[in-house]
$ cat run-v2.cif   # mmCIF, C-alpha atoms
data_coords
#
loop_
_atom_site.label_atom_id
_atom_site.label_comp_id
_atom_site.auth_asym_id
_atom_site.auth_seq_id
_atom_site.Cartn_x
_atom_site.Cartn_y
_atom_site.Cartn_z
CA MET A 2 -2.31 -31.48 8.54
CA ASP A 3 -0.68 -28.29 9.85
CA LEU A 4 -3.48 -25.75 10.00
CA PRO A 5 -2.68 -22.04 10.47
CA ALA A 6 -2.75 -20.94 14.09
CA ALA A 7 -5.65 -18.60 13.24
CA ILE A 8 -7.78 -21.71 12.64
CA ARG A 9 -6.29 -23.98 15.33
CA ARG A 10 -6.56 -21.51 18.21
CA PRO A 11 -8.50 -18.35 17.36
CA ARG A 12 -7.44 -15.27 19.31
CA LEU A 13 -9.22 -11.98 19.78
CA PRO A 14 -7.06 -9.84 17.40
CA VAL A 15 -7.26 -12.53 14.70
CA LEU A 16 -11.02 -12.93 15.11
CA ALA A 17 -11.50 -9.16 15.16
CA THR A 18 -9.60 -8.81 11.88
CA GLY A 19 -11.73 -11.46 10.21
CA MET A 20 -14.94 -9.92 11.53
CA LEU A 21 -13.94 -6.41 10.45
CA THR A 22 -13.13 -7.70 6.98
CA PHE A 23 -16.49 -9.44 6.67
CA ALA A 24 -18.34 -6.36 7.97
CA LEU A 25 -16.68 -4.06 5.43
CA LEU A 26 -17.40 -6.47 2.58
CA ALA A 27 -21.00 -6.88 3.79
CA VAL A 28 -21.51 -3.11 3.60
CA ILE A 29 -20.18 -3.13 0.04
CA GLN A 30 -22.38 -6.10 -0.84
CA VAL A 31 -25.56 -4.52 0.54
CA GLN A 32 -25.11 -0.80 -0.08
CA VAL A 33 -23.43 -0.49 -3.49
CA PRO A 34 -25.96 -0.83 -6.35
CA ARG A 35 -23.50 -2.23 -8.87
CA PRO A 36 -22.05 -5.52 -7.53
CA MET A 37 -18.49 -4.78 -6.40
CA LEU A 38 -17.52 -8.18 -5.04
CA LEU A 39 -16.17 -10.08 -8.00
CA ALA A 40 -17.97 -13.36 -7.27
CA GLU A 41 -21.33 -11.57 -7.16
CA ARG A 42 -20.87 -10.46 -10.78
CA PHE A 43 -20.64 -14.03 -11.97
CA LEU A 44 -23.15 -15.74 -9.65
CA PRO A 45 -25.87 -13.93 -7.64
CA GLY A 46 -25.39 -14.51 -3.93
CA ALA A 47 -21.78 -15.69 -4.34
CA GLY A 48 -20.56 -12.38 -2.96
CA TRP A 49 -21.43 -13.57 0.55
CA VAL A 50 -19.31 -16.68 0.06
CA GLU A 51 -16.46 -14.51 -1.19
CA ALA A 52 -16.82 -12.23 1.85
CA ALA A 53 -16.61 -15.22 4.21
CA LEU A 54 -13.55 -16.65 2.47
CA LEU A 55 -11.80 -13.28 2.47
CA ALA A 56 -12.57 -12.88 6.18
CA LEU A 57 -10.91 -16.23 6.82
CA TYR A 58 -7.98 -15.21 4.61
CA ALA A 59 -7.61 -11.94 6.57
CA ALA A 60 -7.58 -13.85 9.87
CA VAL A 61 -4.85 -16.19 8.63
CA ILE A 62 -2.69 -13.34 7.28
CA ARG A 63 -3.21 -11.39 10.51
CA ASP A 64 -1.90 -14.40 12.42
CA ARG A 65 1.11 -14.75 10.11
CA LEU A 66 2.05 -11.11 10.66
CA GLU A 67 1.86 -11.38 14.44
CA ASP A 68 5.49 -12.43 14.92
CA PRO A 69 7.85 -9.55 13.96
CA ARG A 70 10.52 -12.10 13.04
CA ARG A 71 8.51 -13.29 10.06
CA SER A 72 6.10 -10.40 9.49
CA GLY A 73 8.37 -8.76 6.90
CA THR A 74 8.45 -11.90 4.78
CA TRP A 75 4.68 -12.34 4.93
CA ARG A 76 4.02 -8.68 4.27
CA ARG A 77 6.05 -8.85 1.07
CA ARG A 78 4.30 -12.06 0.00
CA VAL A 79 0.76 -10.73 0.37
CA TRP A 80 1.82 -7.39 -1.14
CA VAL A 81 3.04 -9.13 -4.30
CA LEU A 82 -0.10 -11.29 -4.29
CA PHE A 83 -2.23 -8.15 -4.26
CA SER A 84 -0.20 -6.64 -7.12
CA ALA A 85 -0.44 -9.84 -9.15
CA VAL A 86 -4.23 -9.99 -8.71
CA PHE A 87 -4.57 -6.32 -9.58
CA PHE A 88 -2.59 -6.52 -12.81
CA GLY A 89 -4.16 -9.87 -13.61
CA GLN A 90 -7.49 -8.04 -13.65
CA PHE A 91 -5.94 -5.39 -15.86
CA VAL A 92 -4.80 -7.95 -18.42
CA LEU A 93 -8.16 -9.72 -18.39
CA GLY A 94 -9.89 -6.34 -18.77
CA ILE A 95 -7.79 -5.63 -21.85
CA LEU A 96 -8.83 -9.01 -23.20
CA GLY A 97 -12.48 -8.02 -22.82
CA LEU A 98 -13.63 -9.47 -19.49
CA ASP A 99 -15.48 -6.33 -18.39
CA ALA A 100 -16.95 -7.96 -15.28
CA LEU A 101 -13.57 -7.59 -13.54
CA LEU A 102 -13.53 -3.81 -13.96
CA MET A 103 -14.97 -1.47 -11.33
CA THR A 104 -17.11 0.57 -13.73
CA GLY A 105 -16.96 -1.65 -16.76
CA ARG A 106 -14.46 0.72 -18.36
CA LEU A 107 -10.70 0.26 -18.37
CA HIS A 108 -8.48 2.77 -16.54
CA VAL A 109 -4.70 2.95 -16.67
CA PRO A 110 -3.35 1.24 -13.50
CA VAL A 111 -0.65 3.81 -12.68
CA PRO A 112 -0.68 5.37 -9.17
CA ALA A 113 -0.23 8.91 -10.53
CA VAL A 114 -3.59 8.54 -12.30
CA ILE A 115 -5.28 8.59 -8.87
CA VAL A 116 -4.60 12.34 -8.95
CA GLY A 117 -4.15 13.02 -12.65
CA GLY A 118 -7.20 11.12 -13.92
CA PRO A 119 -9.93 13.04 -12.06
CA LEU A 120 -8.18 16.36 -12.77
CA PHE A 121 -8.13 15.57 -16.48
CA ARG A 122 -11.73 14.38 -16.57
CA GLY A 123 -13.14 16.84 -14.04
CA GLU A 124 -15.20 14.01 -12.55
CA ARG A 125 -15.06 10.51 -11.04
CA PHE A 126 -13.27 11.24 -7.79
CA PHE A 127 -13.92 7.80 -6.30
CA MET A 128 -10.25 6.71 -6.31
CA PRO A 129 -8.96 9.90 -4.61
CA ILE A 130 -11.65 9.49 -1.95
CA LEU A 131 -10.77 5.81 -1.45
CA PHE A 132 -7.08 6.70 -1.27
CA ALA A 133 -7.73 9.47 1.26
CA SER A 134 -9.81 7.13 3.42
CA THR A 135 -6.91 4.67 3.68
CA LEU A 136 -4.62 7.52 4.75
CA VAL A 137 -6.99 8.35 7.60
CA LEU A 138 -7.09 4.72 8.74
CA VAL A 139 -3.48 3.57 8.26
CA GLY A 140 -1.57 6.67 7.20
CA PRO A 141 1.37 6.14 4.83
CA ALA A 142 0.97 2.35 5.02
CA TRP A 143 -0.71 2.64 1.60
CA CYS A 144 2.84 2.64 0.18
CA SER A 145 4.02 -0.55 1.92
CA HIS A 146 0.83 -2.63 1.97
CA LEU A 147 -1.81 -1.47 -0.52
CA CYS A 148 -0.10 0.06 -3.56
CA TYR A 149 -0.24 -2.16 -6.63
CA PHE A 150 3.06 -0.78 -8.00
CA GLY A 151 5.01 -0.88 -4.74
CA GLY A 152 5.13 -4.66 -4.49
CA TRP A 153 7.17 -4.87 -7.68
CA ASP A 154 9.45 -2.02 -6.60
CA ASN A 155 10.13 -3.89 -3.38
CA LEU A 156 11.01 -7.06 -5.30
CA ALA A 157 13.47 -5.08 -7.39
CA ALA A 158 15.05 -3.44 -4.33
CA MET A 159 15.52 -6.81 -2.59
CA ALA A 160 18.05 -7.76 -5.28
CA ARG A 161 20.61 -5.84 -3.21
CA LYS A 162 21.27 -7.14 0.29
CA ARG A 163 21.49 -3.75 1.97
CA PRO A 164 20.04 -0.48 0.70
CA ALA A 165 22.22 2.48 -0.18
CA PRO A 166 21.33 5.88 1.33
CA LEU A 167 18.71 7.90 -0.50
CA PRO A 168 20.23 10.73 -2.57
CA THR A 169 20.30 14.27 -1.20
CA TRP A 170 17.90 15.45 -3.90
CA ARG A 171 15.15 13.16 -2.60
CA TRP A 172 13.45 16.11 -0.90
CA TRP A 173 12.41 17.78 -4.15
CA ALA A 174 12.14 14.77 -6.51
CA GLN A 175 8.58 13.67 -5.68
CA PRO A 176 7.09 17.16 -5.22
CA THR A 177 8.45 18.00 -8.66
CA MET A 178 6.80 14.89 -10.11
CA LEU A 179 3.52 15.85 -8.43
CA VAL A 180 3.62 19.33 -9.97
CA LEU A 181 4.35 17.81 -13.39
CA VAL A 182 1.49 15.32 -13.12
CA VAL A 183 -1.03 17.94 -11.96
CA GLY A 184 0.17 20.42 -14.61
CA ALA A 185 0.02 17.82 -17.38
CA ALA A 186 -3.50 16.70 -16.40
CA LEU A 187 -4.86 20.25 -16.23
CA GLY A 188 -3.01 21.26 -19.38
CA MET A 189 -4.37 18.35 -21.40
CA ARG A 190 -7.86 19.07 -20.11
CA GLN A 191 -7.56 22.74 -21.10
CA ALA A 192 -6.27 21.77 -24.53
CA GLU A 193 -9.12 19.22 -24.89
CA VAL A 194 -6.69 16.40 -25.59
CA PRO A 195 -8.53 13.15 -26.45
CA GLY A 196 -8.83 10.62 -23.66
CA THR A 197 -6.90 8.06 -25.68
CA VAL A 198 -3.90 10.37 -25.91
CA ALA A 199 -4.08 11.14 -22.18
CA SER A 200 -4.16 7.40 -21.45
CA LEU A 201 -1.06 6.88 -23.58
CA VAL A 202 0.72 9.60 -21.61
CA ALA A 203 -0.25 7.83 -18.38
CA VAL A 204 1.02 4.52 -19.75
CA ALA A 205 4.32 6.17 -20.71
CA PHE A 206 4.63 7.55 -17.18
CA GLY A 207 4.08 4.05 -15.80
CA VAL A 208 6.66 2.54 -18.15
CA VAL A 209 9.23 5.10 -16.99
CA GLY A 210 8.40 4.11 -13.41
CA ILE A 211 9.05 0.45 -14.24
CA GLY A 212 12.37 1.51 -15.72
CA VAL A 213 13.21 3.25 -12.43
CA MET A 214 12.53 0.00 -10.59
CA ALA A 215 14.67 -2.05 -12.94
CA LEU A 216 17.59 0.35 -13.25
CA VAL A 217 17.71 2.14 -9.88
CA SER A 218 15.89 0.06 -7.25
CA ARG A 219 17.75 -3.13 -8.17
CA ARG A 220 21.12 -1.42 -7.99
CA GLN A 221 20.59 0.78 -4.96
CA GLY A 222 18.45 -1.48 -2.79
CA TYR A 223 15.88 1.15 -1.82
CA LEU A 224 12.44 1.57 -3.37
CA ALA A 225 13.41 4.25 -5.87
CA HIS A 226 10.04 4.37 -7.61
CA CYS A 227 8.18 4.76 -4.31
CA THR A 228 10.54 7.25 -2.64
CA LEU A 229 11.79 9.35 -5.57
CA PHE A 230 9.48 9.04 -8.57
CA CYS A 231 5.87 8.38 -7.52
CA PRO A 232 3.89 11.54 -6.63
CA ILE A 233 1.28 9.47 -4.82
CA GLY A 234 4.04 8.17 -2.56
CA TRP A 235 4.87 11.73 -1.54
CA ILE A 236 1.20 12.51 -0.82
CA ALA A 237 0.80 9.29 1.18
CA THR A 238 3.84 9.81 3.39
CA ARG A 239 3.33 13.53 3.98
CA LEU A 240 -0.44 13.75 4.17
CA GLY A 241 -0.63 10.37 5.87
CA ARG A 242 1.49 11.68 8.74
CA LEU A 243 -0.93 14.57 9.18
CA VAL A 244 -4.21 12.66 9.18
CA SER A 245 -3.15 9.39 10.82
CA LEU A 246 -2.21 8.87 14.47
CA PHE A 247 0.07 5.89 13.82
CA ARG A 248 3.82 6.49 14.20
CA ILE A 249 7.07 4.55 14.44
CA ARG A 250 9.03 5.67 17.47
CA ILE A 251 12.37 4.73 19.05
CA ALA A 252 12.29 4.52 22.83
CA GLU A 253 15.11 5.28 25.23
CA GLY A 254 17.79 2.62 25.32
CA CYS A 255 18.72 2.79 21.62
CA ASP A 256 22.49 2.32 21.22
CA GLY A 257 22.60 3.72 17.67
CA CYS A 258 23.73 0.47 16.05
CA LEU A 259 21.90 1.43 12.79
CA ALA A 260 20.59 -2.12 12.28
CA CYS A 261 17.10 -0.71 11.75
CA GLY A 262 18.41 1.67 9.08
CA THR A 263 19.93 -1.14 7.05
CA ALA A 264 16.57 -2.96 7.12
CA CYS A 265 14.54 0.04 5.93
CA ARG A 266 14.04 0.06 2.16
CA PHE A 267 12.33 3.46 2.29
CA GLY A 268 15.31 5.35 3.67
CA ALA A 269 13.34 6.49 6.72
CA LEU A 270 15.90 5.64 9.41
CA THR A 271 19.06 7.62 8.80
CA ARG A 272 21.49 8.33 11.62
CA GLN A 273 19.79 11.70 12.13
CA ASP A 274 16.36 10.06 12.35
CA ILE A 275 17.60 7.53 14.89
CA GLU A 276 19.19 10.24 17.01
CA ALA A 277 15.87 12.11 16.91
CA ARG A 278 14.12 8.89 18.07
CA ARG A 279 11.58 8.82 15.25
CA ALA A 280 11.28 7.56 11.70
CA GLY A 281 11.83 10.09 8.91
CA PRO A 282 9.22 11.51 6.51
CA THR A 283 9.58 8.63 4.04
CA CYS A 284 8.40 6.10 6.66
CA THR A 285 5.51 3.92 5.43
CA LEU A 286 4.90 1.99 8.67
CA CYS A 287 6.09 -1.24 7.07
CA GLY A 288 7.54 -2.41 10.40
CA ASP A 289 10.66 -4.02 8.93
CA CYS A 290 12.75 -2.06 11.43
CA ILE A 291 11.32 -3.86 14.47
CA ARG A 292 12.91 -7.30 14.00
CA PRO A 293 16.59 -6.26 13.65
CA CYS A 294 16.50 -3.98 16.72
CA ARG A 295 18.66 -5.81 19.28
CA ARG A 296 17.29 -3.85 22.23
CA GLN A 297 13.67 -4.00 21.02
CA VAL A 298 13.12 -0.29 21.49
CA ILE A 299 11.43 0.37 18.11
CA GLY A 300 7.68 0.06 17.84
CA TYR A 301 4.37 1.48 16.72
CA ARG A 302 2.75 4.31 18.62
CA LEU A 303 -0.95 5.18 18.76
CA GLY A 304 -1.95 7.67 21.41
CA PRO A 305 -1.66 6.23 24.93
CA LEU A 306 -1.44 2.60 23.75
CA ASP A 307 1.73 0.63 24.39
CA PRO A 308 3.71 -0.47 21.28
CA ALA A 309 2.30 -4.01 21.26
CA ARG A 310 -1.33 -2.86 21.33
CA ALA A 311 -0.66 -0.10 18.82
CA ARG A 312 0.87 -2.63 16.42
CA SER A 313 -2.07 -4.99 16.95
CA VAL A 314 -4.58 -2.27 16.04
CA PHE A 315 -2.51 -1.27 13.01
CA LEU A 316 -2.23 -4.84 11.72
CA GLY A 317 -5.95 -5.41 12.11
CA LEU A 318 -6.79 -2.35 10.05
CA VAL A 319 -4.22 -2.78 7.30
CA VAL A 320 -4.87 -6.50 6.83
CA SER A 321 -8.62 -5.89 6.62
CA LEU A 322 -8.10 -3.21 3.97
CA HIS A 323 -5.79 -5.52 2.03
CA ALA A 324 -8.38 -8.32 2.03
CA VAL A 325 -11.21 -5.96 1.04
CA PHE A 326 -9.21 -4.46 -1.82
CA LEU A 327 -8.26 -7.96 -2.94
CA GLY A 328 -11.88 -8.99 -3.28
CA VAL A 329 -13.43 -6.09 -5.13
CA ALA A 330 -13.21 -4.88 -8.70
CA ARG A 331 -10.74 -1.99 -8.73
CA ILE A 332 -9.56 -0.96 -12.18
#
$ encode --input "run-v2.cif" --output "structure tokens"
Amino acid sequence: MDLPAAIRRPRLPVLATGMLTFALLAVIQVQVPRPMLLAERFLPGAGWVEAALLALYAAVIRDRLEDPRRSGTWRRRVWVLFSAVFFGQFVLGILGLDALLMTGRLHVPVPAVIVGGPLFRGERFFMPILFASTLVLVGPAWCSHLCYFGGWDNLAAMARKRPAPLPTWRWWAQPTMLVLVVGAALGMRQAEVPGTVASLVAVAFGVVGIGVMALVSRRQGYLAHCTLFCPIGWIATRLGRLVSLFRIRIAEGCDGCLACGTACRFGALTRQDIEARRAGPTCTLCGDCIRPCRRQVIGYRLGPLDPARARSVFLGLVVSLHAVFLGVARI
């Protein structure tokens, strides 16, 4: 039987990722009054078993992502897994299984609602706080590892072998969407629009986003929903760069072959970005640019750490967050 390397020969980064995952889940299990680990809601005490299994899962995924040659494939797999679990909970919630919902009430699973929902209600700011905390820890990696919509946008974009360049109007597309979402939420609140109507508006926004994936991402090869349409994507990439210390940098020795740019589905490595020796503002720290670099001059940066150590710290944090989010009730 071919066991994962994380089980055959445990290493410090792999063990640390598993331990961090268990510690975070243990805090949730002990400190949050309403059981947040899904297993705990069905069987008292089962949350600890779930925490242990998710810690093991995090260790295995951390090991799979270690090799840059296969990390892109595994990142996309676990990203889609997360999206499938998330929307599976949504469907089961619609069917009446309230135990899978965070508060016992159903919320529209559209990223823009992270901002629009609390503004419309004037309360319940848990999701914005959770979102902001991930930006502090892993910066814009929310968009390439933790967003429940992004996994599907990536699948659509992969239908084209190489991505086309992002359009010139990309700079104002997402800020415009953010203004529209904020304005609509505040306007509906001021007009005292019923919550049901506001939810339908949010659903319509999400359906349009799915249409963007199907019609634009598939044809152009870049993540059109994430880079042009989603206002949360704009907040994550811009604010994430301000509050997080993680960066993708290009060291001296780059020959300008543009192989990294053809691998980037977020349009963050144009010729101008490569000449400037850093990823552009749409970078989500996905790391897909590392493998195709023939001279191996692209890597993560975190303060004084060398690229290998910086990447190790990043993977430990982002995998732990992925495993924690996978195990708790979210919607």
$ residues_near_point --input "run-v2.cif" --point "(5.3, 7.7, -14.2)" --cutoff "9 Å" --atoms "all atoms listed in the file" --output "CSV table (one decimal) with C-alpha atoms, in the coordinates of the input"
chain,number,residue,atom,x,y,z
A,111,VAL,CA,-0.6,3.8,-12.7
A,112,PRO,CA,-0.7,5.4,-9.2
A,113,ALA,CA,-0.2,8.9,-10.5
A,178,MET,CA,6.8,14.9,-10.1
A,182,VAL,CA,1.5,15.3,-13.1
A,202,VAL,CA,0.7,9.6,-21.6
A,203,ALA,CA,-0.2,7.8,-18.4
A,204,VAL,CA,1.0,4.5,-19.8
A,205,ALA,CA,4.3,6.2,-20.7
A,206,PHE,CA,4.6,7.6,-17.2
A,207,GLY,CA,4.1,4.0,-15.8
A,208,VAL,CA,6.7,2.5,-18.2
A,209,VAL,CA,9.2,5.1,-17.0
A,210,GLY,CA,8.4,4.1,-13.4
A,211,ILE,CA,9.0,0.4,-14.2
A,226,HIS,CA,10.0,4.4,-7.6
A,230,PHE,CA,9.5,9.0,-8.6
A,231,CYS,CA,5.9,8.4,-7.5
A,232,PRO,CA,3.9,11.5,-6.6
$ atom_distance --input "run-v2.cif" --atom1 "CA of Glu67 in chain A" --atom2 "CA of Arg312 in chain A"
9.0 Å
$ residues_around --input "run-v2.cif" --residues "Gly151 in chain A" --least-positions-apart "6" --cutoff "10 Å" --atoms "all atoms listed in the file" --output "list of chain:residue names"
A:Arg77, A:Trp80, A:Val81, A:Ser84, A:Pro112, A:Trp143, A:Cys144, A:Ser145, A:Ala157, A:Met214, A:Leu224, A:Ala225, A:His226, A:Cys227, A:Cys231, A:Gly234
$ closest_residue --input "run-v2.cif" --among "A:Leu316, A:Ile249, A:Val114, A:Leu138" --to "Ala185 in chain A" --atoms "all atoms listed in the file"
A:Val114
$ resolve_selection --input "run-v2.cif" --expression "the PyMOL selection byres ((chain A and resi 279) around 10)" --output "list of chain:residue names"
A:Arg248, A:Ile249, A:Arg250, A:Ile251, A:Ala252, A:Ala269, A:Leu270, A:Thr271, A:Gln273, A:Asp274, A:Ile275, A:Glu276, A:Ala277, A:Arg278, A:Ala280, A:Gly281, A:Pro282, A:Cys284, A:Ile299, A:Gly300
$ closest_residue --input "run-v2.cif" --among "A:Met20, A:Ala186, A:Ile29, A:Leu101" --to "Leu57 in chain A" --atoms "only C-alpha atoms"
A:Met20
$ atom_distance --input "run-v2.cif" --atom1 "CA of Ala237 in chain A" --atom2 "CA of Cys148 in chain A"
10.4 Å
$ resolve_selection --input "run-v2.cif" --expression "the PyMOL selection byres ((chain A and resi 13) around 12)" --output "PyMOL selection string"
chain A and resi 7+10-12+14-21+60+63-64+313-314+317
$ atom_distance --input "run-v2.cif" --atom1 "CA of Ser321 in chain A" --atom2 "CA of Leu38 in chain A"
14.8 Å
$ resolve_selection --input "run-v2.cif" --expression "the PyMOL selection byres ((chain A and resi 83) around 10)" --output "PyMOL selection string"
chain A and resi 77-82+84-89+146-150+152+323-324+326-328
$ residues_near_point --input "run-v2.cif" --point "(2.1, 13.1, 6.3)" --cutoff "10 Å" --atoms "all atoms listed in the file" --output "PyMOL selection string"
chain A and resi 136+140-141+235-245+282-285
$ closest_residue --input "run-v2.cif" --among "A:Leu246, A:Leu167, A:Ala309, A:Met128" --to "Ile233 in chain A" --atoms "only C-alpha atoms"
A:Met128
$ closest_residue --input "run-v2.cif" --among "A:Ala24, A:Val61, A:Ala100, A:Cys255" --to "Pro36 in chain A" --atoms "all atoms listed in the file"
A:Ala100
$ decode --input "run-v2.cif" --residues "range 106-186 of chain A" --atoms "C-alpha atoms" --output "mmCIF file, in the first residue's frame"
data_model
loop_
_atom_site.group_PDB
_atom_site.id
_atom_site.type_symbol
_atom_site.label_atom_id
_atom_site.label_comp_id
_atom_site.auth_asym_id
_atom_site.auth_seq_id
_atom_site.Cartn_x
_atom_site.Cartn_y
_atom_site.Cartn_z
ATOM 1 C CA ARG A 106 -30.218 30.281 8.859
ATOM 2 C CA LEU A 107 -29.459 30.124 5.147
ATOM 3 C CA HIS A 108 -27.351 32.857 3.535
ATOM 4 C CA VAL A 109 -26.736 33.343 -0.175
ATOM 5 C CA PRO A 110 -23.295 31.848 -0.982
ATOM 6 C CA VAL A 111 -22.079 34.648 -3.269
ATOM 7 C CA PRO A 112 -18.719 36.305 -2.427
ATOM 8 C CA ALA A 113 -20.125 39.825 -2.881
ATOM 9 C CA VAL A 114 -22.500 39.129 0.026
ATOM 10 C CA ILE A 115 -19.478 39.148 2.363
ATOM 11 C CA VAL A 116 -19.593 42.936 1.963
ATOM 12 C CA GLY A 117 -23.163 43.536 0.833
ATOM 13 C CA GLY A 118 -24.918 41.361 3.418
ATOM 14 C CA PRO A 119 -23.721 43.111 6.595
ATOM 15 C CA LEU A 120 -24.223 46.541 4.992
ATOM 16 C CA PHE A 121 -27.809 45.646 4.138
ATOM 17 C CA ARG A 122 -28.558 44.158 7.557
ATOM 18 C CA GLY A 123 -26.464 46.575 9.614
ATOM 19 C CA GLU A 124 -25.286 43.631 11.717
ATOM 20 C CA ARG A 125 -23.620 40.200 11.628
ATOM 21 C CA PHE A 126 -20.116 41.179 10.584
ATOM 22 C CA PHE A 127 -18.626 37.742 11.258
ATOM 23 C CA MET A 128 -17.861 36.954 7.598
ATOM 24 C CA PRO A 129 -16.085 40.288 6.907
ATOM 25 C CA ILE A 130 -13.992 39.741 10.041
ATOM 26 C CA LEU A 131 -13.167 36.163 9.005
ATOM 27 C CA PHE A 132 -12.302 37.353 5.503
ATOM 28 C CA ALA A 133 -10.078 40.137 6.852
ATOM 29 C CA SER A 134 -8.261 37.705 9.140
ATOM 30 C CA THR A 135 -7.330 35.497 6.177
ATOM 31 C CA LEU A 136 -5.959 38.557 4.363
ATOM 32 C CA VAL A 137 -3.672 39.274 7.307
ATOM 33 C CA LEU A 138 -2.413 35.682 7.370
ATOM 34 C CA VAL A 139 -2.110 34.818 3.662
ATOM 35 C CA GLY A 140 -2.922 38.029 1.815
ATOM 36 C CA PRO A 141 -4.636 37.670 -1.572
ATOM 37 C CA ALA A 142 -4.356 33.865 -1.422
ATOM 38 C CA TRP A 143 -8.046 33.917 -0.444
ATOM 39 C CA CYS A 144 -8.737 34.160 -4.199
ATOM 40 C CA SER A 145 -6.660 31.128 -5.232
ATOM 41 C CA HIS A 146 -7.141 28.803 -2.259
ATOM 42 C CA LEU A 147 -10.156 29.662 -0.093
ATOM 43 C CA CYS A 148 -12.862 31.236 -2.263
ATOM 44 C CA TYR A 149 -15.794 28.914 -2.902
ATOM 45 C CA PHE A 150 -16.554 30.519 -6.297
ATOM 46 C CA GLY A 151 -12.966 30.677 -7.556
ATOM 47 C CA GLY A 152 -12.532 26.931 -7.900
ATOM 48 C CA TRP A 153 -15.235 26.791 -10.550
ATOM 49 C CA ASP A 154 -13.865 29.849 -12.352
ATOM 50 C CA ASN A 155 -10.490 28.136 -12.509
ATOM 51 C CA LEU A 156 -12.055 24.993 -13.983
ATOM 52 C CA ALA A 157 -13.702 27.101 -16.663
ATOM 53 C CA ALA A 158 -10.468 28.950 -17.472
ATOM 54 C CA MET A 159 -8.520 25.693 -17.835
ATOM 55 C CA ALA A 160 -10.616 24.864 -20.916
ATOM 56 C CA ARG A 161 -8.172 27.047 -22.854
ATOM 57 C CA LYS A 162 -4.550 25.908 -22.897
ATOM 58 C CA ARG A 163 -3.018 29.360 -22.533
ATOM 59 C CA PRO A 164 -4.703 32.457 -21.130
ATOM 60 C CA ALA A 165 -5.264 35.560 -23.210
ATOM 61 C CA PRO A 166 -4.119 38.921 -21.792
ATOM 62 C CA LEU A 167 -6.523 40.665 -19.456
ATOM 63 C CA PRO A 168 -8.384 43.541 -21.145
ATOM 64 C CA THR A 169 -7.190 47.118 -20.675
ATOM 65 C CA TRP A 170 -10.364 48.017 -18.787
ATOM 66 C CA ARG A 171 -9.524 45.548 -16.005
ATOM 67 C CA TRP A 172 -8.328 48.409 -13.785
ATOM 68 C CA TRP A 173 -11.788 49.883 -13.300
ATOM 69 C CA ALA A 174 -14.022 46.793 -13.727
ATOM 70 C CA GLN A 175 -13.854 45.431 -10.166
ATOM 71 C CA PRO A 176 -13.855 48.800 -8.363
ATOM 72 C CA THR A 177 -17.000 49.644 -10.317
ATOM 73 C CA MET A 178 -18.606 46.374 -9.222
ATOM 74 C CA LEU A 179 -17.647 47.108 -5.615
ATOM 75 C CA VAL A 180 -19.291 50.535 -5.767
ATOM 76 C CA LEU A 181 -22.429 48.983 -7.275
ATOM 77 C CA VAL A 182 -22.618 46.271 -4.604
ATOM 78 C CA VAL A 183 -22.096 48.714 -1.722
ATOM 79 C CA GLY A 184 -24.564 51.200 -3.239
ATOM 80 C CA ALA A 185 -27.194 48.521 -3.838
ATOM 81 C CA ALA A 186 -26.869 47.149 -0.284
#
